[in-house]
$ cat coords.cif   # mmCIF, C-alpha atoms
data_input
loop_
_atom_site.label_atom_id
_atom_site.label_comp_id
_atom_site.auth_asym_id
_atom_site.auth_seq_id
_atom_site.Cartn_x
_atom_site.Cartn_y
_atom_site.Cartn_z
CA MET V 6 -12.89 -37.85 -32.73
CA SER V 7 -16.28 -39.03 -31.43
CA ASP V 8 -17.49 -42.55 -32.33
CA PHE V 9 -20.58 -40.92 -33.78
CA ALA V 10 -18.68 -38.59 -36.13
CA GLY V 11 -18.95 -41.02 -39.03
CA VAL V 12 -22.64 -41.80 -38.60
CA ARG V 13 -24.79 -40.52 -41.44
CA VAL V 14 -27.76 -38.58 -40.14
CA SER V 15 -30.98 -38.67 -42.18
CA LYS V 16 -34.69 -38.09 -41.70
CA LEU V 17 -36.53 -40.89 -39.89
CA SER V 18 -38.40 -43.07 -42.41
CA LEU V 19 -41.75 -44.43 -41.14
CA LYS V 20 -43.42 -47.60 -42.39
CA GLY V 21 -46.11 -46.88 -45.03
CA GLU V 22 -44.89 -43.37 -45.56
CA LYS V 23 -44.49 -42.40 -49.20
CA ARG V 24 -41.09 -41.15 -50.15
CA LYS V 25 -40.93 -37.81 -51.80
CA LYS V 26 -38.75 -37.41 -54.82
CA LYS V 27 -35.70 -35.31 -54.26
CA THR V 28 -35.61 -32.16 -56.30
CA LYS V 29 -32.47 -30.29 -57.11
CA THR V 30 -32.32 -26.85 -55.66
CA LYS V 31 -29.93 -24.12 -56.47
CA GLU V 32 -27.40 -23.49 -53.77
CA LYS V 33 -27.94 -20.20 -52.10
CA LYS V 34 -24.93 -17.98 -52.05
CA HIS V 35 -23.73 -17.42 -48.54
CA LYS V 36 -24.10 -13.83 -47.55
CA PRO V 37 -21.49 -12.57 -45.12
CA SER V 38 -22.92 -11.80 -41.70
CA ASP V 39 -23.65 -8.18 -41.05
CA GLU V 40 -22.87 -8.58 -37.35
CA PRO V 41 -19.35 -7.08 -37.59
CA SER V 42 -20.75 -3.96 -39.29
CA LYS V 43 -23.45 -3.69 -36.62
CA ASP V 44 -20.77 -3.92 -33.95
CA LEU V 45 -18.73 -1.19 -35.65
CA GLU V 46 -21.79 1.03 -35.89
CA GLU V 47 -22.55 0.45 -32.21
CA VAL V 48 -18.97 1.31 -31.25
CA ALA V 49 -19.07 4.43 -33.44
CA ARG V 50 -22.26 5.59 -31.70
CA HIS V 51 -20.32 5.53 -28.44
CA GLY V 52 -17.30 7.44 -29.68
CA GLY V 53 -15.11 4.38 -30.27
CA TRP V 54 -15.82 2.75 -26.89
CA ALA V 55 -16.69 -0.94 -27.38
CA CYS V 56 -18.80 -3.03 -25.03
CA LEU V 57 -16.78 -5.67 -23.20
CA ASN V 58 -18.02 -9.25 -22.96
CA ASP V 59 -15.13 -10.91 -21.16
CA ILE V 60 -13.81 -10.40 -17.62
CA ASP V 61 -10.21 -10.60 -18.88
CA CYS V 62 -10.77 -7.43 -20.93
CA VAL V 63 -11.93 -5.39 -17.92
CA VAL V 64 -8.55 -3.75 -17.30
CA GLY V 65 -7.26 -0.24 -17.88
CA PRO V 66 -9.52 2.70 -18.84
CA ILE V 67 -13.23 1.82 -18.82
CA ALA V 68 -16.59 3.58 -18.77
CA ILE V 69 -19.67 2.04 -17.16
CA GLU V 70 -22.87 2.72 -19.12
CA VAL V 71 -25.63 2.54 -16.51
CA LEU V 72 -28.38 3.80 -18.86
CA PRO V 73 -28.38 4.12 -22.68
CA HIS V 74 -25.62 6.65 -23.51
CA CYS V 75 -25.39 7.62 -19.81
CA TYR V 76 -22.19 6.76 -17.95
CA LEU V 77 -21.23 6.46 -14.32
CA LYS V 78 -19.96 9.93 -13.38
CA ALA V 79 -17.69 10.88 -10.45
CA MET V 80 -18.63 13.99 -8.45
CA ASP V 81 -16.12 16.12 -6.53
CA ASN V 82 -17.84 15.13 -3.25
CA GLY V 83 -16.97 11.45 -3.80
CA LEU V 84 -20.45 10.36 -4.87
CA PHE V 85 -21.41 8.86 -8.23
CA VAL V 86 -24.37 9.61 -10.45
CA ALA V 87 -25.69 8.59 -13.85
CA GLY V 88 -24.32 11.31 -16.12
CA ASP V 89 -26.32 13.22 -18.71
CA PRO V 90 -27.11 11.40 -21.98
CA HIS V 91 -24.45 11.67 -24.67
CA SER V 92 -25.16 12.44 -28.30
CA PRO V 93 -24.43 9.65 -30.81
CA GLY V 94 -20.69 9.53 -31.56
CA GLU V 95 -19.73 11.34 -28.34
CA GLU V 96 -17.23 9.57 -26.08
CA PRO V 97 -17.33 9.56 -22.25
CA LEU V 98 -16.14 12.64 -20.35
CA GLU V 99 -13.01 12.55 -18.18
CA GLU V 100 -15.05 12.27 -14.97
CA GLU V 101 -16.88 9.28 -16.50
CA ILE V 102 -13.70 7.28 -17.12
CA LEU V 103 -12.43 4.83 -14.51
CA ILE V 104 -9.25 2.77 -14.29
CA SER V 105 -9.94 -0.94 -13.74
CA ILE V 106 -7.32 -2.84 -11.73
CA LYS V 107 -7.24 -6.64 -11.61
CA THR V 108 -7.29 -7.93 -8.01
CA SER V 109 -8.16 -11.57 -8.80
CA GLU V 110 -9.42 -13.69 -11.70
CA THR V 111 -13.00 -12.53 -11.10
CA LYS V 112 -12.70 -9.24 -9.20
CA ARG V 113 -11.63 -5.72 -10.06
CA ALA V 114 -10.94 -2.46 -8.23
CA PHE V 115 -11.93 0.82 -9.88
CA LYS V 116 -10.13 4.16 -9.53
CA SER V 117 -11.79 7.46 -10.37
CA GLY V 118 -10.27 10.52 -12.03
CA TYR V 119 -9.94 11.99 -8.53
CA ASN V 120 -7.35 9.26 -7.79
CA LYS V 121 -9.65 7.52 -5.30
CA TYR V 122 -10.84 3.92 -5.23
CA LEU V 123 -14.54 3.13 -5.46
CA SER V 124 -16.37 1.32 -2.66
CA ILE V 125 -19.82 0.98 -1.07
CA ASP V 126 -20.57 3.08 2.02
CA HIS V 127 -22.87 2.30 4.98
CA GLN V 128 -25.85 3.70 3.04
CA SER V 129 -25.18 1.29 0.14
CA ARG V 130 -24.12 4.21 -2.05
CA LEU V 131 -21.30 3.95 -4.56
CA VAL V 132 -18.55 6.33 -3.46
CA GLY V 133 -14.99 7.09 -4.50
CA ARG V 134 -13.15 8.10 -1.33
CA SER V 135 -10.68 5.30 -0.56
CA ASP V 136 -6.90 5.68 -0.79
CA ALA V 137 -6.17 1.94 -0.91
CA ILE V 138 -7.74 -1.33 -2.05
CA GLY V 139 -9.45 -3.45 0.61
CA GLN V 140 -12.37 -5.87 0.63
CA ARG V 141 -14.91 -3.06 0.21
CA GLU V 142 -13.06 -1.72 -2.85
CA GLN V 143 -13.39 -4.94 -4.85
CA PHE V 144 -16.17 -5.52 -7.39
CA GLU V 145 -17.16 -8.56 -9.41
CA PRO V 146 -18.40 -7.96 -12.98
CA VAL V 147 -20.79 -10.82 -13.80
CA PHE V 148 -21.21 -11.81 -17.46
CA GLN V 149 -24.17 -14.07 -18.22
CA ASP V 150 -26.43 -14.61 -21.26
CA GLY V 151 -25.10 -11.49 -22.97
CA LYS V 152 -25.89 -9.31 -19.95
CA ILE V 153 -23.58 -7.64 -17.44
CA ALA V 154 -24.09 -6.68 -13.79
CA ILE V 155 -21.58 -5.64 -11.14
CA SER V 156 -21.70 -7.31 -7.73
CA CYS V 157 -20.35 -5.31 -4.78
CA CYS V 158 -18.87 -6.09 -1.36
CA ASN V 159 -22.38 -6.21 0.19
CA ASP V 160 -23.42 -8.92 -2.31
CA CYS V 161 -25.77 -6.51 -4.06
CA PHE V 162 -25.68 -5.17 -7.61
CA LEU V 163 -25.06 -1.61 -8.81
CA ALA V 164 -27.94 0.40 -10.27
CA PRO V 165 -29.13 4.03 -10.48
CA ASP V 166 -31.43 4.97 -7.61
CA GLU V 167 -35.05 4.09 -8.37
CA ASN V 168 -36.23 7.29 -6.58
CA GLY V 169 -34.74 9.37 -9.37
CA ASN V 170 -32.01 11.23 -7.46
CA ASN V 171 -29.45 9.93 -10.00
CA LEU V 172 -27.14 8.49 -7.32
CA ILE V 173 -25.76 4.97 -7.76
CA TYR V 174 -26.60 2.36 -5.12
CA ALA V 175 -25.99 -1.33 -4.47
CA LYS V 176 -29.23 -2.48 -2.87
CA SER V 177 -30.58 -5.42 -4.87
CA PRO V 178 -29.24 -8.94 -4.11
CA LYS V 179 -30.56 -10.03 -7.52
CA ALA V 180 -29.74 -8.63 -10.94
CA GLY V 181 -32.70 -7.48 -13.01
CA PRO V 182 -33.19 -5.01 -15.89
CA GLU V 183 -32.35 -2.05 -13.59
CA GLN V 184 -29.02 -3.65 -12.66
CA PHE V 185 -27.98 -4.58 -16.20
CA LEU V 186 -25.32 -2.24 -17.55
CA LYS V 187 -22.46 -2.16 -20.02
CA ILE V 188 -18.74 -1.86 -19.44
CA ARG V 189 -17.00 -0.08 -22.29
CA SER V 190 -13.37 0.37 -23.30
CA ASN V 191 -11.54 2.20 -26.07
CA THR V 192 -8.43 -0.01 -25.90
CA ASP V 193 -7.51 -2.72 -28.41
CA LEU V 194 -9.47 -5.68 -27.00
CA GLU V 195 -7.53 -8.26 -29.00
CA LEU V 196 -4.27 -6.86 -27.63
CA VAL V 197 -5.67 -7.02 -24.08
CA LYS V 198 -6.65 -10.67 -24.58
CA ARG V 199 -3.21 -11.56 -25.95
CA GLU V 200 -1.52 -9.83 -23.00
CA GLU V 201 -3.73 -11.72 -20.52
CA GLU V 202 -2.95 -15.02 -22.26
CA LEU V 203 0.79 -14.27 -22.08
CA LYS V 204 0.52 -13.57 -18.35
CA LYS V 205 -0.90 -17.08 -17.84
CA ILE V 206 2.14 -18.68 -19.51
CA PRO V 207 4.80 -19.75 -16.94
CA GLU V 208 8.02 -17.75 -17.14
CA GLU V 209 9.93 -20.95 -18.00
CA GLU V 210 7.87 -21.41 -21.17
CA LYS V 211 8.51 -17.95 -22.63
CA GLY V 212 11.09 -17.47 -25.36
CA LYS V 213 12.74 -19.80 -27.87
CA LEU V 214 12.69 -23.57 -27.35
CA SER V 215 16.43 -23.53 -26.62
CA GLU V 216 15.85 -20.91 -23.90
CA ILE V 217 12.91 -22.90 -22.50
CA GLU V 218 15.08 -26.02 -22.17
CA GLU V 219 17.80 -24.04 -20.38
CA LYS V 220 15.27 -22.50 -17.95
CA TYR V 221 13.87 -25.93 -17.02
CA ALA V 222 17.41 -27.31 -16.63
CA LYS V 223 18.24 -24.49 -14.21
CA LYS V 224 14.99 -25.03 -12.32
CA PHE V 225 15.25 -28.79 -11.77
CA GLN V 226 18.98 -29.54 -11.77
CA ALA V 227 21.13 -29.12 -8.69
CA GLY V 228 24.41 -27.22 -8.96
CA LYS V 229 25.78 -26.48 -12.41
CA PHE V 230 23.04 -27.33 -14.89
CA LYS V 231 23.55 -29.33 -18.06
CA VAL V 232 21.55 -29.06 -21.29
CA ASN V 233 21.05 -31.96 -23.65
CA SER V 234 23.05 -31.30 -26.83
CA GLU V 235 20.94 -33.53 -29.08
CA ASP V 236 18.99 -32.06 -32.01
CA ARG V 237 16.31 -29.67 -30.73
CA LYS V 238 13.98 -30.18 -33.71
CA ILE V 239 12.26 -32.84 -31.61
CA LEU V 240 11.21 -30.09 -29.18
CA LYS V 241 9.33 -28.24 -31.90
CA ARG V 242 7.40 -31.38 -32.82
CA ALA V 243 6.77 -32.11 -29.15
CA LYS V 244 5.36 -28.61 -28.57
CA GLU V 245 3.00 -28.98 -31.54
CA SER V 246 1.88 -32.37 -30.20
CA GLY V 247 1.37 -31.08 -26.65
CA ILE V 248 4.06 -33.29 -25.05
CA LEU V 249 6.77 -30.67 -24.55
CA HIS V 250 7.11 -31.22 -20.79
CA ALA V 251 7.47 -34.99 -21.15
CA THR V 252 10.05 -34.58 -23.92
CA LEU V 253 12.08 -32.10 -21.87
CA LEU V 254 12.06 -34.53 -18.96
CA ASP V 255 13.26 -37.36 -21.23
CA ARG V 256 16.11 -35.18 -22.47
CA ARG V 257 17.12 -34.21 -18.93
CA GLU V 258 16.94 -37.84 -17.84
CA LYS V 259 19.72 -38.67 -20.31
CA MET V 260 21.93 -36.15 -18.49
CA LYS V 261 21.46 -38.12 -15.20
CA SER V 262 21.43 -34.96 -13.13
CA ASP V 263 17.77 -34.10 -12.66
CA LYS V 264 16.14 -34.70 -9.26
CA PHE V 265 12.90 -35.74 -11.00
CA CYS V 266 14.59 -38.29 -13.25
CA LYS V 267 14.94 -41.99 -12.45
#

$ encode --input "coords.cif" --output "structure tokens"
Amino acid sequence: MSDFAGVRVSKLSLKGEKRKKKTKTKEKKHKPSDEPSKDLEEVARHGGWACLNDIDCVVGPIAIEVLPHCYLKAMDNGLFVAGDPHSPGEEPLEEEILISIKTSETKRAFKSGYNKYLSIDHQSRLVGRSDAIGQREQFEPVFQDGKIAISCCNDCFLAPDENGNNLIYAKSPKAGPEQFLKIRSNTDLELVKREEELKKIPEEEKGKLSEIEEKYAKKFQAGKFKVNSEDRKILKRAKESGILHATLLDRREKMKSDKFCK
């Protein structure tokens, strides 16, 4: 806890200033925020496809809204355009749905319904003609101040063509209103987040505490591993206190067979 946590904050009192008498005021009843309902309404207007605001959620089926109710649409010639506007409540069409594949913590590859990976061609156009993922097939969704833009392999951002031909280009090295878009998904976002968090947990730390101790014993002990037979309730308390690794090491040290022990 901060040293300032217990300091009582009050209005600065100036010399010669008359103090106003405190008057009792009725406490206003807290009204629940209407933000969740607004979010639900917004999702409903897009046929159940919610706007993503976290890079970890950009996996699986997605639709990229390049203009209000207009999604990135794959053509059979490999080019991409801004599709026709959808009516409220209408979900994206099949040719407007992409599959997002995680290639790194910050980059994604996108596959079209034609089973081709998206990339940027020599004319800076967005195309879907690749059979494999390379450097040109990797994109970086950038989330900042509630806005989203997608950076491409040429270090420029995606946007519909300003000349009105509806094609999608990556020409601008800076993101402005024309480059701001929305990435939408109809998957359970909370489930996606939980799955991503589980992937970050080392394999040795998955399962029951007894299984975790056995995995670490196998990992760090040479030959036939030994597990401390003392009460494992201490492990539960250690995990809650954030000292599980140190406690496991102490328990292995008592077995005198761990290469990291004294």

$ closest_residue --input "coords.cif" --among "V:Glu145, V:Asp61, V:Glu70, V:Glu46" --to "Lys187 in chain V" --atoms "all atoms listed in the file"
V:Glu70

$ atom_distance --input "coords.cif" --atom1 "CA of Lys107 in chain V" --atom2 "CA of Val63 in chain V"
8.0 Å

$ residues_around --input "coords.cif" --residues "Ile188 in chain V" --least-positions-apart "6" --cutoff "8 Å" --atoms "only C-alpha atoms" --output "ChimeraX atom specification"
/V:56-57,63,67-70,153

$ write_last_selection --input "coords.cif" --atoms "C-alpha atoms" --output "PDB file, in the coordinates of the input"
ATOM      1  CA  CYS V  56     -18.800  -3.030 -25.030  1.00  0.00           C
ATOM      2  CA  LEU V  57     -16.780  -5.670 -23.200  1.00  0.00           C
ATOM      3  CA  VAL V  63     -11.930  -5.390 -17.920  1.00  0.00           C
ATOM      4  CA  ILE V  67     -13.230   1.820 -18.820  1.00  0.00           C
ATOM      5  CA  ALA V  68     -16.590   3.580 -18.770  1.00  0.00           C
ATOM      6  CA  ILE V  69     -19.670   2.040 -17.160  1.00  0.00           C
ATOM      7  CA  GLU V  70     -22.870   2.720 -19.120  1.00  0.00           C
ATOM      8  CA  ILE V 153     -23.580  -7.640 -17.440  1.00  0.00           C
TER       9      ILE V 153
END

$ residues_around --input "coords.cif" --residues "Gly52 in chain V" --least-positions-apart "2" --cutoff "7 Å" --atoms "all atoms listed in the file" --output "PyMOL selection string"
chain V and resi 48-50+54+94-96

$ residues_around --input "coords.cif" --residues "range 133-136 of chain V" --least-positions-apart "3" --cutoff "6 Å" --atoms "only C-alpha atoms" --output "list of chain:residue names"
V:Gly83, V:Lys121, V:Tyr122, V:Leu123

$ resolve_selection --input "coords.cif" --expression "the PyMOL selection byres ((chain V and resi 152) around 9)" --output "JSON, numbers by chain"
{"V": [58, 147, 148, 149, 150, 151, 153, 154, 185, 186, 187]}

$ atom_distance --input "coords.cif" --atom1 "CA of Thr108 in chain V" --atom2 "CA of Ile125 in chain V"
16.9 Å

$ closest_residue --input "coords.cif" --among "V:Asp160, V:Thr111, V:Asp166, V:Ile173" --to "Arg130 in chain V" --atoms "all atoms listed in the file"
V:Ile173

$ residues_around --input "coords.cif" --residues "Glu167 in chain V" --least-positions-apart "6" --cutoff "12 Å" --atoms "only C-alpha atoms" --output "mmCIF file with C-alpha atoms, keeping the file's coordinate frame"
data_model
loop_
_atom_site.group_PDB
_atom_site.id
_atom_site.type_symbol
_atom_site.label_atom_id
_atom_site.label_comp_id
_atom_site.auth_asym_id
_atom_site.auth_seq_id
_atom_site.Cartn_x
_atom_site.Cartn_y
_atom_site.Cartn_z
ATOM 1 C CA ALA V 87 -25.690 8.590 -13.850
ATOM 2 C CA ILE V 173 -25.760 4.970 -7.760
ATOM 3 C CA TYR V 174 -26.600 2.360 -5.120
ATOM 4 C CA ALA V 175 -25.990 -1.330 -4.470
ATOM 5 C CA LYS V 176 -29.230 -2.480 -2.870
ATOM 6 C CA SER V 177 -30.580 -5.420 -4.870
ATOM 7 C CA PRO V 182 -33.190 -5.010 -15.890
ATOM 8 C CA GLU V 183 -32.350 -2.050 -13.590
ATOM 9 C CA GLN V 184 -29.020 -3.650 -12.660
#

$ resolve_selection --input "coords.cif" --expression "the PyMOL selection byres ((chain V and resi 117) around 9)" --output "PyMOL selection string"
chain V and resi 79+100-104+115-116+118-123+133

$ closest_residue --input "coords.cif" --among "V:His91, V:Ile60, V:Gln128, V:Asn171" --to "Ile155 in chain V" --atoms "all atoms listed in the file"
V:Ile60

$ closest_residue --input "coords.cif" --among "V:Asn191, V:Ser109, V:Asn168, V:Asn82" --to "Leu131 in chain V" --atoms "all atoms listed in the file"
V:Asn82

$ atom_distance --input "coords.cif" --atom1 "CA of Pro66 in chain V" --atom2 "CA of Leu163 in chain V"
19.0 Å

$ resolve_selection --input "coords.cif" --expression "the PyMOL selection byres ((chain V and resi 140) around 10)" --output "list in words"
Ala114, Ser124, Ile138, Gly139, Arg141, Glu142, Gln143, Phe144, Cys157 and Cys158 of chain V

$ closest_residue --input "coords.cif" --among "V:Gly53, V:Pro146, V:Pro93, V:Gly65" --to "Glu110 in chain V" --atoms "all atoms listed in the file"
V:Pro146

$ axis_aligned_box --input "coords.cif" --around "range 65-77 of chain V" --padding-each-side "8 Å" --output "AutoDock Vina command-line options"
--center_x -17.8 --center_y 3.7 --center_z -18.9 --size_x 37.1 --size_y 23.9 --size_z 25.2

$ residues_around --input "coords.cif" --residues "Cys75 in chain V" --least-positions-apart "5" --cutoff "6 Å" --atoms "all atoms listed in the file" --output "list in words"
Glu70, Gly88, Asp89 and Pro90 of chain V
